[in-house]
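Just below is one structure, and these are the notes that go with it.
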Amino acid sequence: MSEQVDLQATVPAEMFGLRLDQAVSQLFPDYSRSRLQGWIKEGTLRVNGEAKRPRDKLNGGEEIVISAEIQAIERHVGQSIPLDIVYEDDDILILNKPSGLVVHPAAGHADGTLLNALLHHCPAIAHVPRAGIVHRLDKETTGLMVVAKTIQAQTDLVAQLQDRSMGREYEAIVQGVMTGGGCVDEPMGRHSKNRQKMAVVGVGKEAITHYRVLEKFRAHTHIRLKLETGRTHQIRVHMAHINYPLVGDPMYGGRFRLPKGCSEELQDALKHLRRQALHAKKLELWHPQTGQQMSWEVDLPEDFESLRILLKQDAANNDHE
């Protein structure tokens, strides 16, 4: 199963001296630079009927013709998995991801993923790379995600992520009582000993997390976070780095602690939270087709909200002692 793409354009005079790959990324902005470079190398993108190299310079006036096929994702199958869809149109889909749902098939999770669910819900999305998934949430993290339903929408949304015009806000409960908000600006990369973990490393990629306090409890804090960058496990690593690890985080949470003299109900809730207390609460973006700014916000999931209420009750019960 494939989709045929037929495009053509004339190189304007002002593009004289520009590399072919740079010129076509401006002439065909609906497609990513890597996809266009692939078409150049395959010879399915031709200049005046000839195959060229990405670095070849243009004079202006050339005819660019693309005749290519986009292969569907054939190795993954659609599966009927319920989706909590918050918004959907012809270009994008906004969903509220539950805890436990893996976003993309990988070792140990060959199916039963969000990608499989999307292929079932919208079969045409098979023509979009990674079934339109432009950013991920960890398996146990809940909340808002955007999915592109067309290649053009995906190219635009990826650009918004890269230029930081897409707004993503999270809520979390961390161990420890914060004095106030702040910003963690620490580069990240793979952990030197455990390759499945991420860490703050001196020569890593830029990673910036802003956070502010929503509620303080006796031994925990409910915070709101805003991402400038989107590194793997960024919030979890950054909060652990400043010694406020996320409650329930099995990888970065450190030693398990209970507030002194807390109720059995709170003890039980803290002991049995099977995931990091992290929720993608708000998503803001520019619609790739209309250019309109749009935003969505979803409630905290039940396990997160129940824990928050118990921590609040614990703080109130011990306030007068």
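Here, A, B, ... name the chains of the structure tokens in the order displayed, residue numbers run from 1 inside each chain, and ligands are numbered from 1 in the same displayed order.
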
query = Mind checking DSSP for stretch 107-239 of chain A and telling me the alpha helix (DSSP H) residues as number ranges by chain?
reply = A: 114-121, 151-163, 234-239

request  = List the neighbours of A:Pro250 out to 10 Å using only C-alpha atoms; skip same-chain residues closer than 4 positions along the sequence, and give me the result as a PyMOL selection string.
outcome  = chain A and resi 246+254-256+274-276

Surrounding residues of A:Lys41 excluding itself and chain neighbours under 3 positions, 10 Å, only C-alpha atoms, as a ChimeraX atom specification = /A:35-38,44-46,51-54

query = Which one of A:Tyr211, A:Phe304, A:Tyr252, A:Phe28 sits closest to A:Thr155 if you count only C-alpha atoms?
reply =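 Smallest distance to A:Thr155 is found for A:Phe28.
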
key: Nearby residues (only C-alpha atoms) at most 7 Å from A:Gln8, same-chain spacing under 3 positions excluded, as a ChimeraX atom specification   = /A:64-66

task = Give me, please, the distance in Å between atom CA of A:Val298 and atom CA of A:Gly143, quoted to one decimal.
result =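 Spanning atom CA of A:Val298 to atom CA of A:Gly143 is a straight-line distance of 7.2 Å.
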
Env of A:Tyr170: 6 Å cut, atoms = only C-alpha atoms, seq-sep filter 2 positions within chain, self excluded. Answer as a tab-separated table (two decimals) with N, CA and C atoms, in the first residue's frame.
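Result went into result_31.tsv, see below:
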chain	number	residue	atom	x	y	z
A	224	ARG	N	3.72	22.57	38.63
A	224	ARG	CA	3.38	22.71	37.20
A	224	ARG	C	4.70	22.93	36.46
A	225	LEU	N	4.89	22.25	35.33
A	225	LEU	CA	6.14	22.34	34.58
A	225	LEU	C	5.88	22.73	33.13
A	279	HIS	N	1.69	14.14	34.55
A	279	HIS	CA	0.52	14.25	33.66
A	279	HIS	C	0.71	15.43	32.72
A	280	ALA	N	0.57	15.18	31.41
A	280	ALA	CA	0.65	16.25	30.40
A	280	ALA	C	-0.69	16.99	30.40
A	281	LYS	N	-0.75	18.10	31.12
A	281	LYS	CA	-2.02	18.77	31.43
A	281	LYS	C	-2.52	19.68	30.31

message = Considering only strand (DSSP E) as DSSP defines it on the backbone, what residues of stretch 36-255 of chain A qualify? List them as a ChimeraX atom specification.
response = /A:45-47,50-51,63-71,85-88,92-97,142-148,167-175,182-185,188-190,198-200,208-216,220-227

message = Set the distance at 10 Å and use only C-alpha atoms: which residues neighbour A:Met239 once local chain neighbours fewer than 6 positions away are removed? I'd like the list as a ChimeraX atom specification.
response = /A:172,174-175,184,209,211,245-246,252-253

Save out the residues we just selected, N, CA and C atoms, as an mmCIF file, in the first residue's frame.
data_model
loop_
_atom_site.group_PDB
_atom_site.id
_atom_site.type_symbol
_atom_site.label_atom_id
_atom_site.label_comp_id
_atom_site.auth_asym_id
_atom_site.auth_seq_id
_atom_site.Cartn_x
_atom_site.Cartn_y
_atom_site.Cartn_z
ATOM 1 N N ALA A 172 3.000 17.502 38.199
ATOM 2 C CA ALA A 172 3.686 16.381 38.845
ATOM 3 C C ALA A 172 3.612 16.553 40.349
ATOM 4 N N VAL A 174 6.143 15.780 43.471
ATOM 5 C CA VAL A 174 7.537 15.418 43.727
ATOM 6 C C VAL A 174 7.765 15.187 45.215
ATOM 7 N N GLN A 175 8.808 14.424 45.520
ATOM 8 C CA GLN A 175 9.221 14.218 46.902
ATOM 9 C C GLN A 175 9.983 15.459 47.381
ATOM 10 N N VAL A 184 15.404 24.539 35.476
ATOM 11 C CA VAL A 184 16.560 23.647 35.380
ATOM 12 C C VAL A 184 17.057 23.712 33.940
ATOM 13 N N THR A 209 13.823 23.015 31.618
ATOM 14 C CA THR A 209 12.530 22.755 32.261
ATOM 15 C C THR A 209 12.216 23.877 33.251
ATOM 16 N N TYR A 211 9.585 25.276 36.226
ATOM 17 C CA TYR A 211 8.596 24.709 37.144
ATOM 18 C C TYR A 211 8.146 25.770 38.151
ATOM 19 N N PRO A 245 12.743 14.250 43.204
ATOM 20 C CA PRO A 245 12.296 13.242 42.235
ATOM 21 C C PRO A 245 10.781 13.065 42.254
ATOM 22 N N LEU A 246 10.241 12.612 41.127
ATOM 23 C CA LEU A 246 8.801 12.396 41.033
ATOM 24 C C LEU A 246 8.372 11.219 41.900
ATOM 25 N N TYR A 252 13.981 6.879 38.433
ATOM 26 C CA TYR A 252 14.731 8.028 38.936
ATOM 27 C C TYR A 252 14.267 8.483 40.325
ATOM 28 N N GLY A 253 13.339 7.732 40.924
ATOM 29 C CA GLY A 253 12.708 8.172 42.163
ATOM 30 C C GLY A 253 13.556 8.089 43.412
#

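Checking A:His287, A:His272, A:His120, A:Arg55 one by one against A:Pro82, counting only C-alpha atoms, you find the shortest gap at A:His120.
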
ask   = Which neighbours of A:Met178 fall inside 8 Å, counting only C-alpha atoms, when residues of the same chain fewer than 6 positions from it are skipped, and could you give them as a list in words?
value = Val213, Lys216, His220, Thr221 and Tyr244 of chain A

task = Point out the residue among A:Ala148, A:Gln293, A:Gly182, A:Ser306 with the least atom-to-atom distance to A:Asp268, counting only C-alpha atoms.
result =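 Among A:Ala148, A:Gln293, A:Gly182, A:Ser306, it is A:Ser306 that comes nearest to A:Asp268.
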
query = By how many Å are atom CA of A:Gly167 and atom CA of A:Trp286 apart?
reply = 9.7 Å

request  = Would you mind reading off the distance between atom CA of A:Leu101 and atom CA of A:Ile133, one decimal, in Å?
outcome  =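 Between atom CA of A:Leu101 and atom CA of A:Ile133 the gap works out to 13.9 Å.
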